[in-house]
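Shown below: coords_11.txt, with compact mmCIF, C-alpha atoms.
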```
# COMPACT_ATOMS: atom_id res chain seq x y z
CA MET A 1 62.42 -6.43 -7.93
CA LEU A 2 65.54 -6.76 -10.06
CA LYS A 3 68.88 -6.71 -8.27
CA PRO A 4 72.53 -7.04 -9.35
CA GLY A 5 73.14 -10.47 -10.89
CA ASP A 6 69.54 -10.99 -11.99
CA LYS A 7 68.85 -11.94 -15.59
CA LEU A 8 66.31 -10.00 -17.63
CA PRO A 9 63.50 -11.88 -19.40
CA PRO A 10 64.22 -13.24 -22.90
CA GLU A 11 64.45 -10.58 -25.59
CA ARG A 12 61.13 -11.50 -27.21
CA ASP A 13 59.24 -11.43 -23.90
CA LEU A 14 60.86 -8.18 -22.78
CA ALA A 15 60.07 -6.44 -26.08
CA GLN A 16 56.45 -7.53 -25.75
CA GLN A 17 56.24 -6.34 -22.14
CA LEU A 18 57.63 -2.91 -23.04
CA GLY A 19 55.64 -2.60 -26.25
CA VAL A 20 58.66 -1.99 -28.49
CA SER A 21 60.24 -3.79 -31.44
CA ARG A 22 63.15 -6.16 -30.86
CA ASN A 23 65.46 -3.85 -32.81
CA VAL A 24 64.59 -0.93 -30.53
CA LEU A 25 65.07 -3.17 -27.50
CA ARG A 26 68.51 -4.31 -28.71
CA GLU A 27 69.64 -0.70 -29.10
CA ALA A 28 68.37 0.09 -25.60
CA LEU A 29 70.17 -2.94 -24.14
CA ARG A 30 73.42 -1.95 -25.85
CA SER A 31 73.08 1.58 -24.44
CA LEU A 32 72.48 0.16 -20.96
CA GLU A 33 75.55 -2.03 -21.36
CA MET A 34 77.64 1.01 -22.30
CA ALA A 35 76.24 2.82 -19.27
CA GLY A 36 77.32 -0.03 -17.00
CA VAL A 37 73.75 -0.99 -16.07
CA LEU A 38 73.72 -4.37 -17.82
CA ARG A 39 76.20 -7.06 -18.79
CA LEU A 40 75.33 -8.81 -22.06
CA ARG A 41 76.51 -12.39 -22.42
CA LYS A 42 76.33 -14.63 -25.49
CA GLY A 43 75.79 -18.35 -25.63
CA VAL A 44 73.35 -20.87 -24.24
CA LYS A 45 73.57 -19.37 -20.74
CA GLY A 46 73.77 -15.84 -22.06
CA GLY A 47 71.39 -12.93 -21.83
CA ALA A 48 71.19 -9.51 -20.20
CA PHE A 49 72.23 -9.41 -16.55
CA VAL A 50 71.86 -6.53 -14.11
CA ARG A 51 75.08 -4.95 -12.87
CA GLU A 52 75.68 -2.55 -10.02
CA GLY A 53 74.52 0.57 -11.82
CA ASP A 54 75.85 4.11 -11.92
CA THR A 55 73.30 6.67 -13.13
CA GLY A 56 76.06 9.24 -13.61
CA ARG A 57 77.64 7.06 -16.30
CA MET A 58 74.28 6.44 -17.89
CA ASN A 59 73.53 10.18 -18.00
CA LEU A 60 76.89 10.78 -19.66
CA VAL A 61 76.16 8.15 -22.32
CA MET A 62 72.78 9.78 -23.01
CA ARG A 63 74.41 13.18 -23.43
CA ASP A 64 77.06 11.71 -25.72
CA MET A 65 74.37 10.15 -27.89
CA LEU A 66 72.64 13.52 -28.15
CA SER A 67 75.89 15.24 -29.01
CA LEU A 68 76.73 12.72 -31.76
CA GLY A 69 73.23 12.88 -33.20
CA THR A 70 72.57 9.22 -32.43
CA ILE A 71 69.36 10.32 -30.75
CA SER A 72 67.38 13.55 -31.08
CA VAL A 73 65.81 15.80 -28.47
CA ARG A 74 62.40 14.81 -29.85
CA GLU A 75 63.19 11.10 -29.45
CA LEU A 76 64.32 11.75 -25.89
CA SER A 77 61.05 13.50 -25.06
CA GLU A 78 58.95 10.76 -26.64
CA ALA A 79 60.93 8.07 -24.84
CA ARG A 80 60.40 9.81 -21.52
CA ILE A 81 56.64 9.78 -22.00
CA ASP A 82 56.67 6.06 -22.84
CA VAL A 83 59.05 5.18 -20.00
CA LEU A 84 56.89 7.06 -17.52
CA ASP A 85 53.84 5.17 -18.72
CA LEU A 86 55.58 1.96 -17.66
CA VAL A 87 56.83 3.57 -14.44
CA VAL A 88 53.32 4.64 -13.46
CA ARG A 89 51.89 1.18 -14.06
CA LEU A 90 54.65 -0.43 -11.99
CA ALA A 91 54.25 2.14 -9.21
CA CYS A 92 50.51 1.39 -9.08
CA ALA A 93 51.26 -2.31 -8.73
CA ASN A 94 54.31 -2.20 -6.47
CA GLY A 95 54.22 1.12 -4.63
CA LYS A 96 54.07 1.02 -0.82
CA PRO A 97 52.28 3.48 1.48
CA VAL A 98 55.66 4.93 2.46
CA ASP A 99 56.40 5.65 -1.22
CA PHE A 100 53.08 7.44 -1.65
CA ASP A 101 53.66 9.39 1.58
CA ALA A 102 57.02 10.56 0.23
CA LEU A 103 55.34 11.75 -2.96
CA GLU A 104 52.71 13.59 -0.91
CA ALA A 105 55.41 15.36 1.10
CA ASN A 106 57.07 16.35 -2.16
CA ILE A 107 53.80 17.84 -3.41
CA GLU A 108 53.52 19.88 -0.22
CA ARG A 109 57.02 21.29 -0.81
CA THR A 110 56.05 22.03 -4.41
CA GLU A 111 52.98 23.94 -3.26
CA LEU A 112 55.02 26.02 -0.81
CA ALA A 113 57.65 26.83 -3.46
CA THR A 114 54.86 27.85 -5.84
CA GLN A 115 53.18 30.12 -3.28
CA GLU A 116 56.50 31.80 -2.48
CA GLY A 117 57.44 32.23 -6.13
CA ARG A 118 60.53 30.02 -5.84
CA LEU A 119 60.17 28.58 -9.33
CA LEU A 120 63.67 27.12 -9.59
CA ASP A 121 63.17 25.32 -6.30
CA ARG A 122 59.94 24.02 -7.81
CA VAL A 123 61.96 22.54 -10.68
CA GLU A 124 64.07 20.77 -8.07
CA CYS A 125 60.91 19.41 -6.48
CA SER A 126 59.88 18.04 -9.87
CA ARG A 127 63.21 16.26 -10.30
CA GLU A 128 62.78 14.73 -6.85
CA PHE A 129 59.15 13.78 -7.64
CA TYR A 130 60.22 11.57 -10.54
CA LYS A 131 62.99 9.99 -8.48
CA LEU A 132 60.48 9.11 -5.77
CA LEU A 133 58.06 7.77 -8.37
CA ALA A 134 60.83 5.60 -9.80
CA VAL A 135 61.58 4.17 -6.35
CA ALA A 136 57.91 3.23 -6.04
CA THR A 137 58.25 0.87 -9.03
CA GLY A 138 60.50 -1.45 -7.06
CA ASN A 139 62.61 -1.89 -10.23
CA LYS A 140 66.12 -0.44 -10.14
CA VAL A 141 66.72 -0.77 -13.87
CA ILE A 142 63.57 1.14 -14.76
CA ALA A 143 64.46 3.71 -12.09
CA MET A 144 67.88 4.27 -13.65
CA ILE A 145 66.42 4.71 -17.12
CA LEU A 146 63.91 7.25 -15.82
CA ASP A 147 66.60 9.10 -13.89
CA SER A 148 68.71 9.41 -17.01
CA VAL A 149 66.02 10.85 -19.28
CA THR A 150 64.63 13.04 -16.49
CA GLU A 151 68.03 14.54 -15.67
CA ILE A 152 68.38 15.86 -19.22
CA HIS A 153 64.71 16.81 -19.62
CA MET A 154 64.84 18.93 -16.47
CA ARG A 155 67.59 21.00 -18.06
CA PHE A 156 65.03 22.09 -20.65
CA VAL A 157 62.46 22.91 -17.97
CA TYR A 158 65.08 24.84 -16.00
CA ALA A 159 66.10 26.82 -19.08
CA LYS A 160 62.47 27.68 -19.82
CA VAL A 161 61.84 28.92 -16.28
CA VAL A 162 65.04 30.97 -16.24
CA SER A 163 64.37 32.59 -19.62
CA SER A 164 60.68 33.32 -19.18
CA GLY A 165 59.86 33.15 -15.50
CA VAL A 166 56.93 30.94 -16.50
CA ALA A 167 56.13 27.52 -15.06
CA MET A 168 53.34 25.01 -15.54
CA ALA A 169 50.04 26.22 -14.11
CA ARG A 170 48.03 24.00 -11.74
CA LEU A 171 51.01 21.67 -11.21
CA VAL A 172 50.13 20.99 -7.57
CA GLU A 173 46.51 20.25 -8.46
CA THR A 174 47.64 17.85 -11.19
CA ARG A 175 50.09 16.13 -8.85
CA ARG A 176 47.41 15.59 -6.20
CA LYS A 177 44.97 14.05 -8.68
CA PHE A 178 47.74 11.79 -9.92
CA LEU A 179 48.71 10.69 -6.41
CA ALA A 180 45.08 9.94 -5.56
CA ALA A 181 44.90 7.63 -8.58
CA LEU A 182 48.20 6.05 -7.57
CA ARG A 183 46.99 5.34 -4.03
CA ALA A 184 43.80 3.84 -5.48
CA ARG A 185 45.95 1.56 -7.69
CA ASN A 186 44.09 2.98 -10.68
CA ALA A 187 46.77 2.54 -13.33
CA ALA A 188 44.59 3.68 -16.23
CA THR A 189 43.70 7.02 -14.62
CA ALA A 190 47.20 7.61 -13.26
CA SER A 191 48.76 6.89 -16.66
CA ARG A 192 46.30 9.18 -18.42
CA LEU A 193 46.97 12.03 -15.99
CA MET A 194 50.74 11.63 -16.30
CA ARG A 195 50.68 11.49 -20.11
CA THR A 196 48.43 14.56 -20.31
CA HIS A 197 50.76 16.47 -18.00
CA LEU A 198 53.91 15.49 -19.90
CA GLU A 199 52.36 16.43 -23.22
CA SER A 200 51.43 19.83 -21.76
CA VAL A 201 54.99 20.34 -20.56
CA GLN A 202 56.30 19.40 -23.99
CA ARG A 203 54.00 21.93 -25.69
CA MET A 204 55.18 24.61 -23.27
CA LEU A 205 58.82 23.86 -24.01
CA GLU A 206 58.34 23.77 -27.77
CA GLN A 207 57.04 27.34 -27.65
CA ASP A 208 60.59 28.35 -26.73
CA PRO A 209 63.09 26.89 -29.25
CA GLY A 210 65.98 28.25 -27.20
CA ALA A 211 64.94 26.25 -24.16
CA MET A 212 64.73 23.08 -26.28
CA SER A 213 68.09 23.51 -27.98
CA LEU A 214 70.72 20.80 -27.95
CA GLN A 215 73.08 23.22 -26.21
CA VAL A 216 70.76 23.27 -23.21
CA ALA A 217 70.76 19.48 -22.94
CA LEU A 218 74.54 19.31 -23.12
CA ALA A 219 75.32 22.29 -20.92
CA GLU A 220 76.73 21.90 -17.45
CA MET A 221 74.39 22.47 -14.53
CA GLN A 222 73.91 26.14 -13.75
CA PRO A 223 74.00 27.67 -10.25
CA GLY A 224 70.75 26.90 -8.49
CA MET A 225 70.27 23.62 -10.34
CA ARG A 226 71.68 21.16 -7.86
CA PRO A 227 73.07 17.89 -9.25
```
Translate the structure of the given file into structure tokens.
Amino acid sequence: MLKPGDKLPPERDLAQQLGVSRNVLREALRSLEMAGVLRLRKGVKGGAFVREGDTGRMNLVMRDMLSLGTISVRELSEARIDVLDLVVRLACANGKPVDFDALEANIERTELATQEGRLLDRVECSREFYKLLAVATGNKVIAMILDSVTEIHMRFVYAKVVSSGVAMARLVETRRKFLAALRARNAATASRLMRTHLESVQRMLEQDPGAMSLQVALAEMQPGMRP
């Protein structure tokens, strides 16, 4: 588990582990430095070191990059899918029974909200689900990255639910299958289930251009969407 003061692996190794090019990795590291997550040092003893992070600052940087056109909504969505693939694999390897129990309790709350038609509360349950999943990785840096992209992505989901009153069908069933794979440490199945779900969510959102607008991503939280 990475903690403040720890040094990340060398750039080449880290790029290989994450499955990205070194140029993409450098941009990500610079963004994390701007967000206050990392401190980049040059020289023989240099590298990327973990700082005491602040997800609020990181979320603000992400929104600024969207506003300036440095990144697109599409890139954000694609990055979230790839980040979650890594998160799922780490959660399978590092998750503890208490982490899985917390996810199960979240699924129970999601089912109750669904049965009672409290769709906005169900969105809140989804936000919490990804936070709990991030904790299960045992990696604070990865958790902060996931929190940042999820915070903005959930604005799109919220906007879709508000405008249409429609939410993903069979969410609870999907969550339970995913958790079963997670408990079994079956990374391949868990990753496949998560990717399939995220791609379904993306298709649902893209059917409503208004819900996927940049204005939604940059808007302040609305009543009912707790920070």
Box for stretch 165-184 of chain A - axis-aligned, 6 Å on each of the six sides, all listed atoms - centre and size in Å to one decimal, as JSON.
```
{"center_x": 51.8, "center_y": 18.5, "center_z": -10.3, "size_x": 28.1, "size_y": 41.3, "size_z": 24.5}
```
Would you write out, as JSON lines, a table of all residues in stretch 88-203 of chain A that have an atom no more than 10 Å from an atom of stretch 13-34 of chain A, listing for each the closest atom pair and the distance in Å to one decimal, considering only C-alpha atoms and ordering rows by chain and rising residue number?
```
{"residue": "A:Val141", "atom": "CA", "partner": "A:Leu32", "partner_atom": "CA", "distance": 9.2}
{"residue": "A:Met144", "atom": "CA", "partner": "A:Leu32", "partner_atom": "CA", "distance": 9.6}
{"residue": "A:Ile145", "atom": "CA", "partner": "A:Leu32", "partner_atom": "CA", "distance": 8.5}
```
- Query: Between A:Leu103, A:Val172, A:His153, A:Asn139, which one has atoms that come closest to A:Gln202, using all atoms listed in the file?
  - Reply: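 Nearest to A:Gln202: A:His153.
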- Query: Could you state the separation of atom CA of A:Asp85 and atom CA of A:Val201 in Å, given to one decimal place?
  - Reply: 15.3 Å
- Message: Taking 2 positions as the minimum chain separation for residues in the same chain, which residues sit within 8 Å of stretch 124-136 of chain A when counting all atoms listed in the file? Answer as a PyMOL selection string.
- Response: chain A and resi 87-88+90-91+94-96+99-100+102-103+106-107+109-110+120-122+138-140+142-143+146-147+150-151+154+225-226
- Message: Can you measure atom CA of A:Arg195 to atom CA of A:Gly165 for me? One decimal in Å is fine.
- Response: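 So the answer is 24.0 Å.
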- Message: Quick one: residues within 6 Å of A:Arg89, all atoms listed in the file, excluding same-chain residues fewer than 3 positions away - as a ChimeraX atom specification?
- Response: /A:86,92,187
- Top pick for closest residue to A:Arg192, considering A:Ile81, A:Leu76, A:Val161, A:Ala105 and counting all atoms listed in the file: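 Result for the nearest residue to A:Arg192: A:Ile81.
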- A:Glu108, A:Ser163, A:Ala93, A:Ala79: which is nearest A:Ala188, counting all atoms listed in the file?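 Using all atoms listed in the file, the shortest distance to A:Ala188 belongs to A:Ala93.
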- Message: Between atom CA of A:Ser164 and atom CA of A:Arg176, what is the distance in Å, rounded to a tenth?
- Response: 25.7 Å
- When distances are computed from all atoms listed in the file, which of A:Arg183, A:Lys160, A:Arg175, A:Arg80 shows the smallest separation from A:Leu119?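 Smallest separation from A:Leu119 among the options: A:Lys160.
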- Message: Using all atoms listed in the file, can you tell me which of A:Val162, A:Leu84, A:Met204, A:Val123 comes closest to A:Ser191?
- Response: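 Under the stated criterion, the closest residue is A:Leu84.
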- Task: Considering only C-alpha atoms, state which residue in the set A:Pro10, A:Leu198, A:Leu193, A:Ser72 is at the smallest distance from A:Gly47.
- Result: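 Smallest separation from A:Gly47 among the options: A:Pro10.
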